[in-house]
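Participant: My questions will all concern the structure given below.
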Amino acid sequence: MTPAPLIVTRPEPEASDWVARLAGRGIAAQALPLLFTQAAAADVAQRWQGALSRLAQAPSNHWPQAWMAVSAPAVRFAQAAAGPLWQPAGWAAGGIDAWATGPGTRGAWIAAGWPAASVWAPPADAPQFDSEALWSVVQARVISGAAPRPVWLLRGSDASGQAQGRDWLLQQLQNLGVPVASWPVYQRVARDWTRDVQHQVDGALAQGAVWLFSSSEALGHWHAQLRHRADGVARARLLVTHPRMAERAAQLGLGVSQVWVCKPDLDAVAQAWAQASRAL
């Protein structure tokens, strides 16, 4: 019996990267991004560049104590918008840490020039990669008290510029009196459900595909398009990369037997795919 294909719904370029890496493990994966990422509006980029210009002129004891990126795209778009103002080695030498919730974002920081010793993230064997896991690593490093240096939060927004994502870590910092500056350096937008997308979805459903989701937003978009199809949601098998997405799937009406939770790394995904593809 031919194993079910694995549909990777991450935005590009992550989707194609995952497909290539999974192929190296003998897993027939297909990229079907349900969200796409794009640069923030021009006025946001201008404010970001202005902040970096002021940073270059300020003494290091007035710099942020850390920058926290919610995802790898947050790092890439922040760097792209900064242009020649991007000076990660100098910022790290001046005492700015880079925070990441998981290995993908940690790798993006390092690829963008941040010294690895100044990048803080949950260990590779952490049970989950999320804000809570990151907080357990960085909490002891947070400088609070009188006039604490701020933390800059690099995150995404929707097409209207409204910030997206959880504010849990932001609240922990604010509880300690640490100011947080939120920078929506990129936008996450639902992909249009074109005829080509529908054709690819139809093929995946006909093959009994397993769907990999790393975003509750993408899961909601997928469900909205397929909820009325008997061969869609009712029989779909999902891999989700956090328990919160499993909770979201349950809210959307998917049964527990249809959803597997795994960490967003190759070993965990491969193991979960093998289990899901054998399920009836």
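Identifiers in the structure tokens: chain A, B, ... in order shown; residue index from 1 per chain; ligand index from 1 in order shown.
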Would you list the contacts of A:Glu247 as a ChimeraX atom specification, taking every protein, DNA or RNA residue within 12 Å and counting only C-alpha atoms, but skipping same-chain residues closer than 4 positions in sequence?

Facilitator: /A:216,219-220,240-243,251-256,259-261

Participant: Got a sec: who's within 12 Å of A:Ala20, counting only C-alpha atoms, leaving out chain neighbours fewer than 5 positions off, as a PyMOL selection string?

Facilitator: chain A and resi 8+13-15+25-31+266

Participant: Could you check the closest approach to A:Ala206 for each of A:Leu176, A:Ala89, A:Ala236, A:Ala80 and tell me which residue wins, using only C-alpha atoms?

Facilitator: A:Ala236

Participant: Quick one, how far is atom CA of A:Val138 from atom CA of A:Trp152?

Facilitator: 14.2 Å

Participant: When you look at stretch 181-193 of chain A with a cut-off of 6 Å (counting only C-alpha atoms), what residues show up, excluding the ones that are within fewer than 2 positions of it in the same chain? I need them as a list in words.

Facilitator: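 That gives Leu34, Leu35, Phe36, Thr37, Gln38, Ala39, Ala40, Ala78, Trp152, Leu153, Leu154, Arg155, Gly156, Ser157, Asp158 and Val197 of chain A.
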
Participant: For the selection you just gave me, I'd like the residues written to a file as a short mmCIF file (atom, residue, chain, number, x, y, z; two decimals), in the first residue's frame, keeping C-alpha atoms.

Facilitator:
data_model
loop_
_atom_site.label_atom_id
_atom_site.label_comp_id
_atom_site.auth_asym_id
_atom_site.auth_seq_id
_atom_site.Cartn_x
_atom_site.Cartn_y
_atom_site.Cartn_z
CA LEU A 34 -2.09 28.35 2.50
CA LEU A 35 -0.59 31.64 3.68
CA PHE A 36 1.98 33.87 2.10
CA THR A 37 4.27 36.41 3.68
CA GLN A 38 5.11 39.83 2.35
CA ALA A 39 6.92 42.94 3.46
CA ALA A 40 5.15 45.32 5.82
CA ALA A 78 13.40 42.83 9.51
CA TRP A 152 11.79 44.71 20.76
CA LEU A 153 9.24 42.19 19.46
CA LEU A 154 9.50 41.42 15.73
CA ARG A 155 6.23 39.93 14.55
CA GLY A 156 3.74 39.64 11.73
CA SER A 157 0.50 41.46 10.99
CA ASP A 158 -2.51 40.91 8.80
CA VAL A 197 -5.00 25.58 -5.64
#

Participant: Could you tell me, as a PyMOL selection string, which residues of stretch 56-234 of chain A DSSP assigns to strand (DSSP E) when given the backbone?

Facilitator: chain A and resi 66-69+97-100+119-120+151-157+180-190+210-213

Participant: For A:Ser257, work out the shell of residues within 12 Å, counting only C-alpha atoms and skipping chain neighbours fewer than 4 positions away, then give it as a short mmCIF file (atom, residue, chain, number, x, y, z; two decimals) with C-alpha atoms, in the first residue's frame.

Facilitator:
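And here is the file that came out, part-v3.cif:
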data_model
loop_
_atom_site.label_atom_id
_atom_site.label_comp_id
_atom_site.auth_asym_id
_atom_site.auth_seq_id
_atom_site.Cartn_x
_atom_site.Cartn_y
_atom_site.Cartn_z
CA ALA A 234 -14.65 14.74 7.72
CA ARG A 235 -11.93 12.28 6.68
CA ALA A 236 -8.81 14.43 6.83
CA ARG A 237 -5.79 13.50 8.94
CA LEU A 238 -3.75 16.34 10.36
CA LEU A 239 -0.32 16.84 11.89
CA ALA A 246 -5.08 20.53 18.18
CA ALA A 249 -8.95 21.60 15.26
CA ALA A 250 -11.34 20.25 17.89
CA GLY A 253 -15.14 19.77 14.53
CA VAL A 261 0.58 16.66 17.62
CA GLN A 275 1.40 6.97 12.35
CA ALA A 276 -1.19 9.11 10.59
CA ALA A 279 -4.64 5.24 10.34
CA LEU A 280 -7.93 4.34 8.73
#

Participant: Taking 6 positions as the minimum chain separation for residues in the same chain, which residues sit within 7 Å of A:Trp99 when counting only C-alpha atoms? Answer as a list in words.

Facilitator: Ala66, Trp67, Met68, Ala69, Val119, Trp120 and Ala121 of chain A

Participant: Restricting the calculation to only C-alpha atoms, which member of A:Ala108, A:Ile7, A:Ala209, A:Leu170 is positioned closest to A:Ala74?

Facilitator: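 Smallest distance to A:Ala74 is found for A:Ala108.
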
Participant: Residues of stretch 122-266 of chain A in alpha helix (DSSP H) according to DSSP, as a VMD selection string?

Facilitator: chain A and resid 131 to 138 168 to 175 195 to 206 216 to 226 243 to 251 266

Participant: Quote the spacing between atom CA of A:Arg76 and atom CA of A:Pro11 in Å to one decimal place.

Facilitator: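 These atoms are spaced 13.4 Å apart.
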
Participant: Please determine, counting only C-alpha atoms, which residue among A:Arg10, A:His62, A:Arg248, A:Lys263 has the shortest atom-to-atom distance to A:Arg149.

Facilitator: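 Of the candidates, the smallest distance to A:Arg149 is held by A:His62.
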